[in-house]
Amino acid sequence: MEKLRVLILSFLLLSTVSLFSPVVRSEEAHVQFSPLQQQINNAQAGSIIRVAPGTYYGVTKVNKTLTLIGTDVILDANGWQVAVIISAPNVAIEGFTIQNASRYEKGYPQEELSELWLSMNMMGAGIYVYFGSARITQVTVRQCYAGIGFTNTYSNNRVVNCSISKNFWGIMLDHRTAKSPNNNDTGNDRA
């Protein structure tokens with residue numbers, strides 16, 4: 001009887017300890033960047049990148065002024081917190097389908113995304129414009145938590161002729177962004 005009591009108390013103690021133990025992230029859970037990332041990293045600021053048709057899985061960071069043009073191109077976040085992060089002025093994105101950004105599927109944002117702090121509101125955005133400005137034209141954003149999010153951005157953002165559908169939120173604006181008079185949202189389908 002005493003052995004059973006010790007066994008039960010040991011089990012309860014171990015269960016309680018495991019409930020309050022800190023969560024340790026695996027070192028193997030690094031952000032998956034899309035194959036397009038290498039082209040962006042190697043491009044000169046101001047360049048035009050014409051992306052070959054296909055599906056590109058992972059996160060894409062645009063941290064310099066570029067124009068990205070795609071035809072029959074899918075940028076699939078593959079469950080990461082964001083599909084495309086824009087952190088530079090005057091970025092243009094045209095003709096892409098962006099999908100499958102999730103708030104928590106891959107856990108919290110990893111160290112590789114720490115330079116671009118993802119606010120809780122913007123986790124899961126298909127496109128996240130952070131300290132940048134963008135012209136987003138003829139883009140489809142679907143199956144994300146938020147279609148397009150703007151936080152701490154410059155003015156002169158444009159979202160033109162885009163289809164933003166099957167997301168929990170369509171376009172999310174930070175309160176500073178919402179007050180900017182030069183942002184534009186025209187001809188968009190938000191079904």
# chains A, B, ... in the order shown; residues from 1 in each chain; ligands from 1

$ residues_around --residues "segment 30-36 of chain A" --least-positions-apart "3" --cutoff "6 Å" --atoms "only C-alpha atoms" --output "list in words"
Gln39, Tyr56, Tyr57, Gly58, Val59 and Thr60 of chain A

$ residues_around --residues "Ala45 of chain A" --least-positions-apart "3" --cutoff "9 Å" --atoms "only C-alpha atoms" --output "PyMOL selection string"
chain A and resi 48+64-66

$ write_last_selection --atoms "N, CA and C atoms" --output "compact mmCIF listing (two decimals), in the first residue's frame"
# COMPACT_ATOMS: atom_id res chain seq x y z
N ILE A 48 14.18 44.80 -60.85
CA ILE A 48 12.92 44.12 -61.15
C ILE A 48 13.25 42.63 -61.21
N LYS A 64 14.59 45.46 -49.27
CA LYS A 64 15.15 46.51 -50.11
C LYS A 64 14.13 46.86 -51.18
N THR A 65 14.25 48.04 -51.75
CA THR A 65 13.32 48.48 -52.78
C THR A 65 13.47 47.59 -54.00
N LEU A 66 12.41 46.84 -54.32
CA LEU A 66 12.41 45.92 -55.47
C LEU A 66 11.02 45.90 -56.08

$ select_by_dssp --residues "segment 27-173 of chain A" --states "strand (DSSP E)" --output "number ranges by chain"
A: 48-51, 54-57, 60-62, 67-76, 82-86, 91-99, 125-130, 134-137, 140-142, 146-151, 158-160, 163-165, 169-173

$ write_last_selection --atoms "C-alpha atoms" --output "mmCIF file, in the first residue's frame"
data_model
loop_
_atom_site.group_PDB
_atom_site.id
_atom_site.type_symbol
_atom_site.label_atom_id
_atom_site.label_comp_id
_atom_site.auth_asym_id
_atom_site.auth_seq_id
_atom_site.Cartn_x
_atom_site.Cartn_y
_atom_site.Cartn_z
ATOM 1 C CA ILE A 48 12.923 44.120 -61.151
ATOM 2 C CA ILE A 49 12.694 40.390 -60.440
ATOM 3 C CA ARG A 50 10.496 38.357 -62.778
ATOM 4 C CA VAL A 51 9.712 35.207 -60.845
ATOM 5 C CA GLY A 54 5.756 27.623 -59.801
ATOM 6 C CA THR A 55 5.059 27.235 -56.100
ATOM 7 C CA TYR A 56 7.575 28.628 -53.611
ATOM 8 C CA TYR A 57 7.174 27.369 -50.035
ATOM 9 C CA THR A 60 9.886 35.642 -48.236
ATOM 10 C CA LYS A 61 11.535 38.802 -46.827
ATOM 11 C CA VAL A 62 11.773 41.909 -49.028
ATOM 12 C CA THR A 67 9.705 45.101 -57.963
ATOM 13 C CA LEU A 68 8.567 41.471 -57.926
ATOM 14 C CA ILE A 69 6.453 40.329 -60.864
ATOM 15 C CA GLY A 70 4.932 36.886 -61.060
ATOM 16 C CA THR A 71 2.665 35.031 -63.444
ATOM 17 C CA ASP A 72 1.340 31.669 -62.266
ATOM 18 C CA VAL A 73 3.422 32.019 -59.095
ATOM 19 C CA ILE A 74 2.236 30.832 -55.673
ATOM 20 C CA LEU A 75 4.026 31.954 -52.517
ATOM 21 C CA ASP A 76 2.896 29.394 -49.935
ATOM 22 C CA VAL A 82 3.796 35.243 -42.621
ATOM 23 C CA ALA A 83 4.250 34.579 -46.333
ATOM 24 C CA VAL A 84 5.796 37.906 -47.423
ATOM 25 C CA ILE A 85 7.364 40.542 -45.148
ATOM 26 C CA ILE A 86 8.067 43.953 -46.698
ATOM 27 C CA VAL A 91 8.334 47.804 -53.007
ATOM 28 C CA ALA A 92 6.035 46.611 -55.807
ATOM 29 C CA ILE A 93 4.459 43.154 -55.883
ATOM 30 C CA GLU A 94 2.359 42.151 -58.861
ATOM 31 C CA GLY A 95 0.601 39.002 -60.045
ATOM 32 C CA PHE A 96 1.173 36.510 -57.204
ATOM 33 C CA THR A 97 -1.062 34.129 -55.289
ATOM 34 C CA ILE A 98 -0.145 34.155 -51.610
ATOM 35 C CA GLN A 99 -1.517 31.553 -49.209
ATOM 36 C CA ALA A 125 -0.600 37.728 -42.535
ATOM 37 C CA GLY A 126 -0.200 36.766 -46.158
ATOM 38 C CA ILE A 127 1.624 40.056 -46.773
ATOM 39 C CA TYR A 128 2.940 42.113 -43.862
ATOM 40 C CA VAL A 129 4.251 45.629 -44.593
ATOM 41 C CA TYR A 130 6.414 46.700 -41.654
ATOM 42 C CA ALA A 134 4.216 48.830 -51.072
ATOM 43 C CA ARG A 135 2.161 48.820 -54.218
ATOM 44 C CA ILE A 136 0.359 45.466 -54.268
ATOM 45 C CA THR A 137 -1.348 44.871 -57.607
ATOM 46 C CA THR A 140 -4.631 36.961 -54.630
ATOM 47 C CA VAL A 141 -4.290 36.351 -50.892
ATOM 48 C CA ARG A 142 -6.184 33.373 -49.495
ATOM 49 C CA ALA A 146 -5.023 38.150 -42.289
ATOM 50 C CA GLY A 147 -4.777 38.892 -45.992
ATOM 51 C CA ILE A 148 -2.585 42.008 -45.885
ATOM 52 C CA GLY A 149 -1.350 43.825 -42.777
ATOM 53 C CA PHE A 150 0.175 47.290 -42.521
ATOM 54 C CA THR A 151 2.036 48.320 -39.365
ATOM 55 C CA ARG A 158 -1.549 50.898 -52.676
ATOM 56 C CA VAL A 159 -3.630 47.731 -52.828
ATOM 57 C CA VAL A 160 -5.129 47.640 -56.317
ATOM 58 C CA SER A 163 -8.565 39.338 -54.430
ATOM 59 C CA ILE A 164 -8.384 38.921 -50.673
ATOM 60 C CA SER A 165 -10.592 35.974 -49.763
ATOM 61 C CA TRP A 169 -9.330 39.286 -41.796
ATOM 62 C CA GLY A 170 -8.962 41.049 -45.152
ATOM 63 C CA ILE A 171 -6.760 44.125 -44.733
ATOM 64 C CA MET A 172 -5.508 44.996 -41.231
ATOM 65 C CA LEU A 173 -4.264 48.495 -40.439
#

$ select_by_dssp --residues "segment 38-173 of chain A" --states "helix (DSSP H, G or I)" --output "PyMOL selection string"
chain A and resi 38-42+111-113

$ write_last_selection --atoms "C-alpha atoms" --output "PDB file, in the first residue's frame"
ATOM      1  CA  GLN A  38      18.140  33.922 -52.606  1.00  0.00           C
ATOM      2  CA  GLN A  39      17.153  35.971 -55.687  1.00  0.00           C
ATOM      3  CA  ILE A  40      16.000  38.813 -53.438  1.00  0.00           C
ATOM      4  CA  ASN A  41      19.183  38.699 -51.362  1.00  0.00           C
ATOM      5  CA  ASN A  42      21.364  38.850 -54.496  1.00  0.00           C
ATOM      6  CA  GLU A 111      14.887  34.150 -34.320  1.00  0.00           C
ATOM      7  CA  GLU A 112      15.324  34.561 -38.088  1.00  0.00           C
ATOM      8  CA  LEU A 113      12.253  36.845 -38.094  1.00  0.00           C
TER       9      LEU A 113
END

$ closest_residue --among "A:Val139, A:Cys162, A:Cys144, A:Ser87" --to "Asn63 of chain A" --atoms "only C-alpha atoms"
A:Ser87

$ atom_distance --atom1 "atom CA of Asn100 of chain A" --atom2 "atom CA of Ser47 of chain A"
27.3 Å

$ atom_distance --atom1 "atom CA of Phe168 of chain A" --atom2 "atom CA of Trp80 of chain A"
15.9 Å

$ atom_distance --atom1 "atom CA of Tyr145 of chain A" --atom2 "atom CA of Met123 of chain A"
7.6 Å
